[in-house]
Amino acid sequence: MSTYLFELPTTGAISFGDFCVDTTASNAYASHIAEATQARANLRGVLKVIKRTDTDDKDYLRLIKVLDDYLPYLHGIMACVASGDIRLKSEPQFSWRTTLSAHLFHMSPRIVLASLHADLASSLLTYAFALSNFARVTVSSLGSYEHDRAISEIERKAKDEKLNFAVTMLCRASGIFTYMSEKVLLDWDKAGEGASGRPPDLSKEVNSALAKMALADAQTLAIRKFLSKSAYDNAVSPGPPLPKSHPSIPLIFKFHLECVSLYSSARTLAMTPGSARPSSPSSNPDSNAEVCVELRRYLADASAFHAALAHKWLGVDAGESGVHERGGEAVAWLLWAKKELEDMKEGGLGIAVGRDREKRGRKGRVADELESVSVFLKHYKKINDSLTFQPVPKQQDLQARIPTGILAVHAKPYKPPSPAFGPGSVEYARLQTESLALLEEDDSSGDEAVASSANPRTYAGAGSYF
């Protein structure tokens, strides 16, 4: 299944010079304030271009680079405000369009958020969206290469590496969402600046949900890479017997079970803002909004799909590891998986209007897995009905046998960049080091002068009387 496609926000123009006052005697940060304004203007420009560009042509890599340039400047201004080197004449107001909130007519309204923390949170959210979308574009360019019999081993491995690159992008996105929920939004709360009236996009629960979703998306791609070689070897005659290159089956179903857990937890968290509406009035139209239905459906669909695949591989494991002793269990698992996939195919996956191509792709994946399950089920059922005659357990009996999932990948913790200027920056540290060195020189010179005045008799024979 394809990863989630985020709609990217846009933001209004702003000049840091309108509300930032350099309080240093030499106006050391005046030029940096102007550079910060330019860096943010670049971010605004790229977001506007992406908004007007077709999905397949959006330049997410350029957006990532522009954010890499802007964030150090924003951290620099925040560090200088905290140290008193820059004073705020007034509370800064940043406008952003929200893209995860549910709206009438699917419109993304522009909201105004106060404080520098708001712009940091919105910029980091956009950063994580861009990484996730970039991973999606990377995967889309690969096609179903592992099922292509004409592909060479070198080409297959090269595409495996691109798939692994997409996994890395999603792990980075997960780390940023986690950093948002555990650090940035908490700091914003502590600052007490414009904390009321936030949209769901900037809630701790939703960002925690997005962290789990990005990690589950990364794990989904990691499973695909894990099965790449065996899928290629099995392309001619899918089903049993499995090729020698096939990886550990218990690892496969445990990976899928962990995806089920992550997507399910993410959906629960994503529903939280909708049920807990703020009691204080707000001018922002998104303060009482829910997370958009597309995201909730995506999480529900992904959870159900991975549950079906976990049941499929539990059945294959039972059939391959001991068909004579566990033939009935293999049939039971595969019957369960088949029913789940048939329900998905008949009911349709809950993809939003306007994403027809994505909907067709997911339905195709469900149909492919249904065909694969049917092949395994036919094989194991034939053996059980004619040779082993093992009883077929009921579904409730199988529930107790479902193991715990395991992670194949881990989120990459986000490390904020050093400020471009001010406290914490490389330049600031260098100046501090030079100042300390000068002080040490002065102290050393002063000590020598004191020693010289205390003991002025340094000529030969000083103090001797003849």
# chains A, B, ... in the order shown; residues from 1 in each chain; ligands from 1
call {"tool": "residues_around", "arguments": {"residues": "Tyr428 (chain A)", "least_positions_apart": "2", "cutoff": "12 Å", "atoms": "only C-alpha atoms", "output": "list in words"}}
result
Ala28, Tyr29, Gly76, Ala79, Cys80, Ser418, Pro419, Ala420, Phe421, Gly422, Pro423, Gly424, Ser425, Val426, Arg430, Leu431, Gln432, Thr433, Glu434 and Ser435 of chain A
call {"tool": "closest_atom_pairs", "arguments": {"of": "region 142-210 of chain A", "to": "region 94-99 of chain A", "cutoff": "12 Å", "atoms": "only C-alpha atoms", "output": "Markdown table"}}
result
| residue | atom | partner | partner_atom | distance |
| --- | --- | --- | --- | --- |
| A:Gly194 | CA | A:Phe94 | CA | 10.9 |
| A:Arg198 | CA | A:Thr98 | CA | 10.0 |
| A:Pro199 | CA | A:Thr98 | CA | 7.3 |
| A:Pro200 | CA | A:Thr98 | CA | 8.7 |
| A:Asp201 | CA | A:Thr98 | CA | 6.9 |
| A:Leu202 | CA | A:Thr98 | CA | 9.3 |
call {"tool": "write_last_selection", "arguments": {"atoms": "C-alpha atoms", "output": "PDB file, in the first residue's frame"}}
result
ATOM      1  CA  GLY A 194      -0.897  31.926  21.917  1.00  0.00           C
ATOM      2  CA  ARG A 198      -4.497  25.711  17.995  1.00  0.00           C
ATOM      3  CA  PRO A 199      -5.701  23.468  15.147  1.00  0.00           C
ATOM      4  CA  PRO A 200      -5.431  19.656  15.456  1.00  0.00           C
ATOM      5  CA  ASP A 201      -2.315  19.861  13.265  1.00  0.00           C
ATOM      6  CA  LEU A 202      -0.476  21.408  16.224  1.00  0.00           C
TER       7      LEU A 202
END
call {"tool": "closest_residue", "arguments": {"among": "A:Lys159, A:Arg44, A:His32, A:Arg172", "to": "Lys415 (chain A)", "atoms": "only C-alpha atoms"}}
result
A:Arg172
call {"tool": "select_by_dssp", "arguments": {"residues": "region 193-415 of chain A", "states": "alpha helix (DSSP H)", "output": "JSON, numbers by chain"}}
result
{"A": [204, 205, 206, 207, 208, 209, 210, 211, 212, 213, 214, 215, 216, 217, 218, 219, 220, 221, 222, 223, 224, 225, 226, 228, 229, 230, 231, 232, 233, 249, 250, 251, 252, 253, 254, 255, 256, 257, 258, 259, 260, 261, 262, 263, 264, 265, 266, 267, 268, 269, 270, 271, 272, 273, 274, 275, 293, 294, 295, 296, 297, 298, 299, 300, 301, 302, 303, 304, 305, 306, 307, 308, 309, 310, 311, 312, 313, 314, 315, 316, 317, 318, 319, 320, 321, 322, 323, 324, 325, 326, 327, 328, 329, 330, 331, 332, 333, 334, 335, 336, 337, 338, 339, 340, 341, 342, 343, 344, 345, 346, 347, 356, 357, 358, 359, 360, 361, 362, 363, 364, 365, 366, 367, 368, 369, 370, 371, 372, 373, 374, 375, 376, 377, 378, 379, 380, 381, 382, 383, 395, 396, 397, 398, 399]}
call {"tool": "residues_around", "arguments": {"residues": "region 265-271 of chain A", "least_positions_apart": "5", "cutoff": "10 Å", "atoms": "only C-alpha atoms", "output": "PyMOL selection string"}}
result
chain A and resi 200-201+203-214+216+259-260+276+290-293+295-300+303
call {"tool": "closest_residue", "arguments": {"among": "A:Ala310, A:Val373, A:Val81, A:Ala411", "to": "Pro240 (chain A)", "atoms": "only C-alpha atoms"}}
result
A:Val373
call {"tool": "residues_around", "arguments": {"residues": "region 389-402 of chain A", "least_positions_apart": "4", "cutoff": "6 Å", "atoms": "only C-alpha atoms", "output": "PDB file with N, CA and C atoms, in the first residue's frame"}}
result
ATOM      1  N   GLY A 327      -2.002 -28.495   9.859  1.00  0.00           N
ATOM      2  CA  GLY A 327      -2.694 -28.242   8.602  1.00  0.00           C
ATOM      3  C   GLY A 327      -4.020 -27.537   8.796  1.00  0.00           C
ATOM      4  N   GLY A 328      -4.778 -27.942   9.824  1.00  0.00           N
ATOM      5  CA  GLY A 328      -6.063 -27.306  10.107  1.00  0.00           C
ATOM      6  C   GLY A 328      -5.893 -25.858  10.527  1.00  0.00           C
ATOM      7  N   GLU A 329      -4.842 -25.581  11.296  1.00  0.00           N
ATOM      8  CA  GLU A 329      -4.571 -24.210  11.729  1.00  0.00           C
ATOM      9  C   GLU A 329      -4.202 -23.331  10.540  1.00  0.00           C
ATOM     10  N   ALA A 332      -7.314 -22.383   8.774  1.00  0.00           N
ATOM     11  CA  ALA A 332      -8.090 -21.412   9.547  1.00  0.00           C
ATOM     12  C   ALA A 332      -7.544 -19.997   9.393  1.00  0.00           C
ATOM     13  N   ASN A 384      -4.885 -31.019   3.822  1.00  0.00           N
ATOM     14  CA  ASN A 384      -5.595 -31.334   5.063  1.00  0.00           C
ATOM     15  C   ASN A 384      -6.828 -32.201   4.814  1.00  0.00           C
ATOM     16  N   ASP A 385      -7.521 -31.974   3.694  1.00  0.00           N
ATOM     17  CA  ASP A 385      -8.738 -32.742   3.400  1.00  0.00           C
ATOM     18  C   ASP A 385      -8.433 -34.157   2.920  1.00  0.00           C
TER      19      ASP A 385
END
call {"tool": "residues_around", "arguments": {"residues": "region 2-6 of chain A", "least_positions_apart": "3", "cutoff": "10 Å", "atoms": "only C-alpha atoms", "output": "PDB file with N, CA and C atoms, in the first residue's frame"}}
result
ATOM      1  N   PRO A   9       0.983  22.960   3.568  1.00  0.00           N
ATOM      2  CA  PRO A   9       0.365  24.261   3.876  1.00  0.00           C
ATOM      3  C   PRO A   9       1.031  25.375   3.081  1.00  0.00           C
ATOM      4  N   THR A  55       0.689  17.007  -8.697  1.00  0.00           N
ATOM      5  CA  THR A  55       1.242  16.112  -7.684  1.00  0.00           C
ATOM      6  C   THR A  55       2.548  15.469  -8.120  1.00  0.00           C
ATOM      7  N   THR A  99      -3.886  21.908   7.107  1.00  0.00           N
ATOM      8  CA  THR A  99      -4.182  20.912   6.065  1.00  0.00           C
ATOM      9  C   THR A  99      -4.636  19.570   6.620  1.00  0.00           C
ATOM     10  N   LEU A 100      -4.609  19.395   7.933  1.00  0.00           N
ATOM     11  CA  LEU A 100      -5.043  18.119   8.511  1.00  0.00           C
ATOM     12  C   LEU A 100      -6.422  18.207   9.155  1.00  0.00           C
ATOM     13  N   THR A 126       5.724  21.145   8.530  1.00  0.00           N
ATOM     14  CA  THR A 126       5.879  21.160   7.075  1.00  0.00           C
ATOM     15  C   THR A 126       7.090  20.334   6.649  1.00  0.00           C
ATOM     16  N   ALA A 128       8.372  17.676   8.174  1.00  0.00           N
ATOM     17  CA  ALA A 128       8.035  16.253   8.264  1.00  0.00           C
ATOM     18  C   ALA A 128       7.105  15.835   7.126  1.00  0.00           C
ATOM     19  N   PHE A 129       6.141  16.701   6.781  1.00  0.00           N
ATOM     20  CA  PHE A 129       5.254  16.415   5.638  1.00  0.00           C
ATOM     21  C   PHE A 129       6.082  16.237   4.360  1.00  0.00           C
ATOM     22  N   ALA A 130       7.037  17.147   4.146  1.00  0.00           N
ATOM     23  CA  ALA A 130       7.848  17.110   2.930  1.00  0.00           C
ATOM     24  C   ALA A 130       8.688  15.838   2.856  1.00  0.00           C
ATOM     25  N   SER A 132       7.987  12.947   4.231  1.00  0.00           N
ATOM     26  CA  SER A 132       7.070  11.831   3.976  1.00  0.00           C
ATOM     27  C   SER A 132       6.637  11.798   2.518  1.00  0.00           C
ATOM     28  N   ASN A 133       6.291  12.958   1.969  1.00  0.00           N
ATOM     29  CA  ASN A 133       5.880  13.017   0.565  1.00  0.00           C
ATOM     30  C   ASN A 133       7.036  12.691  -0.381  1.00  0.00           C
ATOM     31  N   PHE A 134       8.243  13.100  -0.006  1.00  0.00           N
ATOM     32  CA  PHE A 134       9.418  12.789  -0.817  1.00  0.00           C
ATOM     33  C   PHE A 134       9.650  11.280  -0.856  1.00  0.00           C
ATOM     34  N   ALA A 135       9.437  10.618   0.277  1.00  0.00           N
ATOM     35  CA  ALA A 135       9.550   9.156   0.326  1.00  0.00           C
ATOM     36  C   ALA A 135       8.517   8.512  -0.584  1.00  0.00           C
ATOM     37  N   ARG A 136       7.319   9.053  -0.566  1.00  0.00           N
ATOM     38  CA  ARG A 136       6.239   8.513  -1.395  1.00  0.00           C
ATOM     39  C   ARG A 136       6.568   8.630  -2.883  1.00  0.00           C
ATOM     40  N   VAL A 137       7.086   9.803  -3.288  1.00  0.00           N
ATOM     41  CA  VAL A 137       7.456  10.005  -4.692  1.00  0.00           C
ATOM     42  C   VAL A 137       8.575   9.042  -5.097  1.00  0.00           C
ATOM     43  N   VAL A 139       9.192   6.057  -3.891  1.00  0.00           N
ATOM     44  CA  VAL A 139       8.638   4.706  -4.033  1.00  0.00           C
ATOM     45  C   VAL A 139       7.812   4.583  -5.311  1.00  0.00           C
ATOM     46  N   SER A 140       7.039   5.617  -5.619  1.00  0.00           N
ATOM     47  CA  SER A 140       6.195   5.584  -6.818  1.00  0.00           C
ATOM     48  C   SER A 140       7.028   5.414  -8.087  1.00  0.00           C
ATOM     49  N   LEU A 170      11.183   8.396   5.916  1.00  0.00           N
ATOM     50  CA  LEU A 170      10.024   8.226   6.800  1.00  0.00           C
ATOM     51  C   LEU A 170      10.458   8.117   8.260  1.00  0.00           C
ATOM     52  N   MET A 213       2.365   6.776  12.607  1.00  0.00           N
ATOM     53  CA  MET A 213       1.991   6.479  11.227  1.00  0.00           C
ATOM     54  C   MET A 213       3.216   6.469  10.317  1.00  0.00           C
ATOM     55  N   ALA A 214       4.093   7.468  10.458  1.00  0.00           N
ATOM     56  CA  ALA A 214       5.300   7.521   9.625  1.00  0.00           C
ATOM     57  C   ALA A 214       6.186   6.314   9.876  1.00  0.00           C
ATOM     58  N   ALA A 216       5.142   3.358  10.923  1.00  0.00           N
ATOM     59  CA  ALA A 216       4.452   2.211  10.334  1.00  0.00           C
ATOM     60  C   ALA A 216       4.612   2.199   8.816  1.00  0.00           C
ATOM     61  N   ASP A 217       4.554   3.382   8.196  1.00  0.00           N
ATOM     62  CA  ASP A 217       4.786   3.474   6.751  1.00  0.00           C
ATOM     63  C   ASP A 217       6.204   3.016   6.406  1.00  0.00           C
ATOM     64  N   ALA A 218       7.168   3.431   7.235  1.00  0.00           N
ATOM     65  CA  ALA A 218       8.561   3.008   7.021  1.00  0.00           C
ATOM     66  C   ALA A 218       8.688   1.496   7.157  1.00  0.00           C
ATOM     67  N   THR A 220       6.343  -0.693   6.635  1.00  0.00           N
ATOM     68  CA  THR A 220       5.695  -1.295   5.466  1.00  0.00           C
ATOM     69  C   THR A 220       6.673  -1.413   4.301  1.00  0.00           C
ATOM     70  N   LEU A 221       7.444  -0.347   4.061  1.00  0.00           N
ATOM     71  CA  LEU A 221       8.433  -0.379   2.989  1.00  0.00           C
ATOM     72  C   LEU A 221       9.581  -1.324   3.329  1.00  0.00           C
ATOM     73  N   GLU A 294      -9.858  11.804   5.565  1.00  0.00           N
ATOM     74  CA  GLU A 294      -8.903  11.054   4.741  1.00  0.00           C
ATOM     75  C   GLU A 294      -7.828  10.389   5.586  1.00  0.00           C
ATOM     76  N   LEU A 295      -7.309  11.122   6.562  1.00  0.00           N
ATOM     77  CA  LEU A 295      -6.258  10.566   7.414  1.00  0.00           C
ATOM     78  C   LEU A 295      -6.802   9.441   8.274  1.00  0.00           C
ATOM     79  N   TYR A 298      -7.331   6.420   6.124  1.00  0.00           N
ATOM     80  CA  TYR A 298      -6.047   5.811   5.765  1.00  0.00           C
ATOM     81  C   TYR A 298      -5.541   4.919   6.894  1.00  0.00           C
ATOM     82  N   LEU A 299      -5.602   5.410   8.106  1.00  0.00           N
ATOM     83  CA  LEU A 299      -5.124   4.645   9.257  1.00  0.00           C
ATOM     84  C   LEU A 299      -5.956   3.382   9.470  1.00  0.00           C
ATOM     85  N   ALA A 302      -5.103   0.911   6.537  1.00  0.00           N
ATOM     86  CA  ALA A 302      -3.764   0.336   6.681  1.00  0.00           C
ATOM     87  C   ALA A 302      -3.727  -0.697   7.794  1.00  0.00           C
ATOM     88  N   ARG A 355      -8.608  11.174  -5.269  1.00  0.00           N
ATOM     89  CA  ARG A 355      -7.399  10.358  -5.262  1.00  0.00           C
ATOM     90  C   ARG A 355      -7.709   9.021  -5.927  1.00  0.00           C
ATOM     91  N   GLU A 358      -4.763   6.589  -6.619  1.00  0.00           N
ATOM     92  CA  GLU A 358      -4.313   5.933  -5.392  1.00  0.00           C
ATOM     93  C   GLU A 358      -5.289   4.836  -4.996  1.00  0.00           C
ATOM     94  N   LYS A 359      -6.584   5.115  -5.165  1.00  0.00           N
ATOM     95  CA  LYS A 359      -7.609   4.136  -4.822  1.00  0.00           C
ATOM     96  C   LYS A 359      -7.471   2.889  -5.683  1.00  0.00           C
ATOM     97  N   GLY A 361      -4.742   1.844  -7.107  1.00  0.00           N
ATOM     98  CA  GLY A 361      -3.520   1.148  -6.716  1.00  0.00           C
ATOM     99  C   GLY A 361      -3.709   0.289  -5.486  1.00  0.00           C
ATOM    100  N   ARG A 362      -4.437   0.807  -4.518  1.00  0.00           N
ATOM    101  CA  ARG A 362      -4.659   0.043  -3.290  1.00  0.00           C
ATOM    102  C   ARG A 362      -5.588  -1.137  -3.528  1.00  0.00           C
ATOM    103  N   ARG A 365      -3.583  -3.826  -5.002  1.00  0.00           N
ATOM    104  CA  ARG A 365      -2.757  -4.539  -4.016  1.00  0.00           C
ATOM    105  C   ARG A 365      -3.607  -5.534  -3.221  1.00  0.00           C
TER     106      ARG A 365
END
call {"tool": "closest_residue", "arguments": {"among": "A:Val49, A:Gly347, A:Arg224, A:Lys338", "to": "Glu371 (chain A)", "atoms": "only C-alpha atoms"}}
result
A:Lys338
call {"tool": "residues_around", "arguments": {"residues": "Gly175 (chain A)", "least_positions_apart": "2", "cutoff": "6 Å", "atoms": "only C-alpha atoms", "output": "list in words"}}
result
Arg172, Ala173, Phe177, Thr178, Ala411, Lys412, Pro413 and Tyr414 of chain A
call {"tool": "write_last_selection", "arguments": {"atoms": "all heavy atoms", "output": "compact mmCIF listing (two decimals), in the first residue's frame"}}
result
# COMPACT_ATOMS: atom_id res chain seq x y z
N ARG A 172 13.04 9.63 9.49
CA ARG A 172 13.35 11.02 9.86
C ARG A 172 12.07 11.80 10.16
O ARG A 172 12.00 12.57 11.13
CB ARG A 172 14.12 11.70 8.74
CG ARG A 172 15.58 11.30 8.61
CD ARG A 172 16.25 12.04 7.46
NE ARG A 172 16.23 13.48 7.67
CZ ARG A 172 16.57 14.38 6.75
NH1 ARG A 172 16.93 13.96 5.53
NH2 ARG A 172 16.54 15.66 7.02
N ALA A 173 11.05 11.59 9.32
CA ALA A 173 9.76 12.27 9.54
C ALA A 173 9.17 11.87 10.88
O ALA A 173 8.66 12.71 11.63
CB ALA A 173 8.79 11.94 8.40
N PHE A 177 8.10 14.36 14.03
CA PHE A 177 6.78 14.36 14.67
C PHE A 177 6.90 14.10 16.17
O PHE A 177 6.21 14.72 16.98
CB PHE A 177 5.88 13.31 14.03
CG PHE A 177 5.38 13.65 12.65
CD1 PHE A 177 5.50 12.74 11.60
CD2 PHE A 177 4.80 14.88 12.38
CE1 PHE A 177 5.04 13.05 10.33
CE2 PHE A 177 4.33 15.20 11.10
CZ PHE A 177 4.46 14.28 10.07
N THR A 178 7.79 13.17 16.53
CA THR A 178 8.00 12.88 17.95
C THR A 178 8.59 14.08 18.67
O THR A 178 8.17 14.43 19.79
CB THR A 178 8.94 11.67 18.10
OG1 THR A 178 8.36 10.52 17.47
CG2 THR A 178 9.20 11.35 19.57
N ALA A 411 12.50 5.02 14.52
CA ALA A 411 12.50 6.44 14.19
C ALA A 411 13.88 7.03 14.42
O ALA A 411 14.61 6.63 15.33
CB ALA A 411 11.46 7.17 15.05
N LYS A 412 14.25 7.98 13.56
CA LYS A 412 15.53 8.66 13.72
C LYS A 412 15.31 9.92 14.54
O LYS A 412 14.63 10.85 14.08
CB LYS A 412 16.12 9.01 12.35
CG LYS A 412 17.52 9.60 12.44
CD LYS A 412 18.12 9.83 11.06
CE LYS A 412 19.54 10.38 11.18
NZ LYS A 412 20.14 10.61 9.85
N PRO A 413 15.84 9.98 15.76
CA PRO A 413 15.60 11.16 16.61
C PRO A 413 16.04 12.45 15.91
O PRO A 413 17.10 12.50 15.28
CB PRO A 413 16.46 10.88 17.85
CG PRO A 413 16.63 9.40 17.88
CD PRO A 413 16.68 8.97 16.45
N TYR A 414 15.19 13.45 16.01
CA TYR A 414 15.49 14.73 15.36
C TYR A 414 16.41 15.56 16.24
O TYR A 414 16.19 15.73 17.44
CB TYR A 414 14.20 15.51 15.10
CG TYR A 414 14.43 16.90 14.55
CD1 TYR A 414 14.87 17.07 13.24
CD2 TYR A 414 14.23 18.03 15.34
CE1 TYR A 414 15.09 18.35 12.73
CE2 TYR A 414 14.43 19.31 14.82
CZ TYR A 414 14.87 19.45 13.52
OH TYR A 414 15.09 20.71 13.01
call {"tool": "residues_around", "arguments": {"residues": "region 63-72 of chain A", "least_positions_apart": "4", "cutoff": "8 Å", "atoms": "only C-alpha atoms", "output": "ChimeraX atom specification"}}
result
/A:36,39-40,42-43,46-47,59,76,120,123,127,130-131,417-420
call {"tool": "write_last_selection", "arguments": {"atoms": "N, CA, C and O atoms", "output": "CSV table (one decimal), in the first residue's frame"}}
result
chain,number,residue,atom,x,y,z
A,36,ALA,N,17.2,36.4,8.0
A,36,ALA,CA,16.1,35.5,8.4
A,36,ALA,C,14.8,35.8,7.7
A,36,ALA,O,14.0,34.9,7.3
A,39,ALA,N,15.2,34.2,4.2
A,39,ALA,CA,15.0,32.8,4.3
A,39,ALA,C,13.6,32.4,4.4
A,39,ALA,O,13.1,31.4,3.8
A,40,ARG,N,12.8,33.1,5.2
A,40,ARG,CA,11.4,32.8,5.4
A,40,ARG,C,10.6,33.1,4.1
A,40,ARG,O,9.7,32.4,3.7
A,42,ASN,N,11.8,32.8,1.1
A,42,ASN,CA,12.1,31.7,0.2
A,42,ASN,C,11.2,30.5,0.5
A,42,ASN,O,10.7,29.9,-0.4
A,43,LEU,N,11.0,30.3,1.8
A,43,LEU,CA,10.1,29.2,2.2
A,43,LEU,C,8.7,29.4,1.7
A,43,LEU,O,8.0,28.5,1.2
A,46,VAL,N,8.5,28.9,-2.1
A,46,VAL,CA,8.5,27.4,-2.5
A,46,VAL,C,7.1,26.8,-2.2
A,46,VAL,O,6.6,26.0,-3.0
A,47,LEU,N,6.6,27.1,-1.1
A,47,LEU,CA,5.3,26.5,-0.7
A,47,LEU,C,4.2,26.9,-1.7
A,47,LEU,O,3.3,26.1,-2.1
A,59,ASP,N,8.3,19.6,-6.2
A,59,ASP,CA,9.7,19.5,-5.8
A,59,ASP,C,9.9,19.5,-4.3
A,59,ASP,O,10.2,20.5,-3.7
A,76,GLY,N,18.1,31.0,15.7
A,76,GLY,CA,19.0,32.1,16.1
A,76,GLY,C,18.2,33.3,16.7
A,76,GLY,O,18.5,33.8,17.7
A,120,LEU,N,7.9,28.0,14.6
A,120,LEU,CA,8.8,26.8,14.6
A,120,LEU,C,8.0,25.5,14.5
A,120,LEU,O,8.4,24.6,13.7
A,123,SER,N,6.7,25.2,10.9
A,123,SER,CA,7.8,24.9,10.0
A,123,SER,C,8.3,23.4,10.1
A,123,SER,O,8.5,22.8,9.1
A,127,TYR,N,8.2,20.4,7.4
A,127,TYR,CA,9.4,19.6,7.2
A,127,TYR,C,9.1,18.1,7.2
A,127,TYR,O,9.5,17.4,6.2
A,130,ALA,N,7.0,17.1,4.1
A,130,ALA,CA,7.8,17.1,2.9
A,130,ALA,C,8.7,15.8,2.9
A,130,ALA,O,8.8,15.2,1.8
A,131,LEU,N,9.3,15.4,4.0
A,131,LEU,CA,10.1,14.2,4.0
A,131,LEU,C,9.2,13.0,3.7
A,131,LEU,O,9.6,12.1,2.9
A,417,PRO,N,19.0,22.0,14.4
A,417,PRO,CA,20.2,22.6,13.9
A,417,PRO,C,20.7,23.7,14.9
A,417,PRO,O,20.0,24.3,15.6
A,418,SER,N,22.0,23.9,14.8
A,418,SER,CA,22.6,25.0,15.6
A,418,SER,C,22.1,26.4,15.1
A,418,SER,O,21.8,26.5,13.9
A,419,PRO,N,21.8,27.3,16.0
A,419,PRO,CA,21.4,28.7,15.5
A,419,PRO,C,22.4,29.2,14.5
A,419,PRO,O,23.6,29.0,14.5
A,420,ALA,N,21.8,30.0,13.5
A,420,ALA,CA,22.7,30.6,12.5
A,420,ALA,C,23.5,31.7,13.1
A,420,ALA,O,24.6,32.1,12.6
call {"tool": "closest_residue", "arguments": {"among": "A:Ala308, A:Ala121, A:Ile154, A:Val167", "to": "Met180 (chain A)", "atoms": "only C-alpha atoms"}}
result
A:Ala121
call {"tool": "closest_residue", "arguments": {"among": "A:Lys345, A:His117, A:Lys48, A:Arg87", "to": "Asp189 (chain A)", "atoms": "only C-alpha atoms"}}
result
A:His117
call {"tool": "closest_residue", "arguments": {"among": "A:Leu227, A:Ala158, A:Leu335, A:Leu61", "to": "Pro247 (chain A)", "atoms": "only C-alpha atoms"}}
result
A:Leu227
call {"tool": "atom_distance", "arguments": {"atom1": "CA of Ala318 (chain A)", "atom2": "CA of Ala330 (chain A)"}}
result
5.0 Å
call {"tool": "atom_distance", "arguments": {"atom1": "CA of Val375 (chain A)", "atom2": "CA of His324 (chain A)"}}
result
18.5 Å
call {"tool": "atom_distance", "arguments": {"atom1": "CA of Leu334 (chain A)", "atom2": "CA of Val316 (chain A)"}}
result
7.8 Å
call {"tool": "select_by_dssp", "arguments": {"residues": "region 92-266 of chain A", "states": "strand (DSSP E or B)", "output": "compact mmCIF listing (two decimals) with N, CA and C atoms, in the first residue's frame"}}
result
# COMPACT_ATOMS: atom_id res chain seq x y z
N GLN A 93 2.93 37.70 14.71
CA GLN A 93 1.75 36.97 14.24
C GLN A 93 2.10 36.26 12.93
N PHE A 94 1.98 34.94 12.93
CA PHE A 94 2.29 34.14 11.74
C PHE A 94 1.01 33.48 11.23
N SER A 95 0.78 33.59 9.94
CA SER A 95 -0.41 32.96 9.36
C SER A 95 -0.01 31.72 8.55
N TRP A 96 -0.72 30.63 8.79
CA TRP A 96 -0.50 29.36 8.10
C TRP A 96 -1.84 28.76 7.72
N ARG A 97 -1.86 28.02 6.61
CA ARG A 97 -3.06 27.25 6.25
C ARG A 97 -2.95 25.87 6.87
N SER A 101 -7.00 19.39 9.18
CA SER A 101 -8.28 19.57 9.86
C SER A 101 -9.43 19.29 8.91
N ARG A 110 -6.89 29.77 6.43
CA ARG A 110 -5.68 30.38 6.97
C ARG A 110 -5.96 30.82 8.40
N ILE A 111 -5.07 30.45 9.30
CA ILE A 111 -5.23 30.84 10.70
C ILE A 111 -4.02 31.66 11.13
N VAL A 112 -4.21 32.48 12.15
CA VAL A 112 -3.14 33.33 12.68
C VAL A 112 -2.69 32.77 14.01
N LEU A 113 -1.39 32.55 14.13
CA LEU A 113 -0.81 32.00 15.35
C LEU A 113 0.22 32.96 15.90
N ALA A 114 0.16 33.20 17.19
CA ALA A 114 1.08 34.13 17.83
C ALA A 114 2.30 33.40 18.37
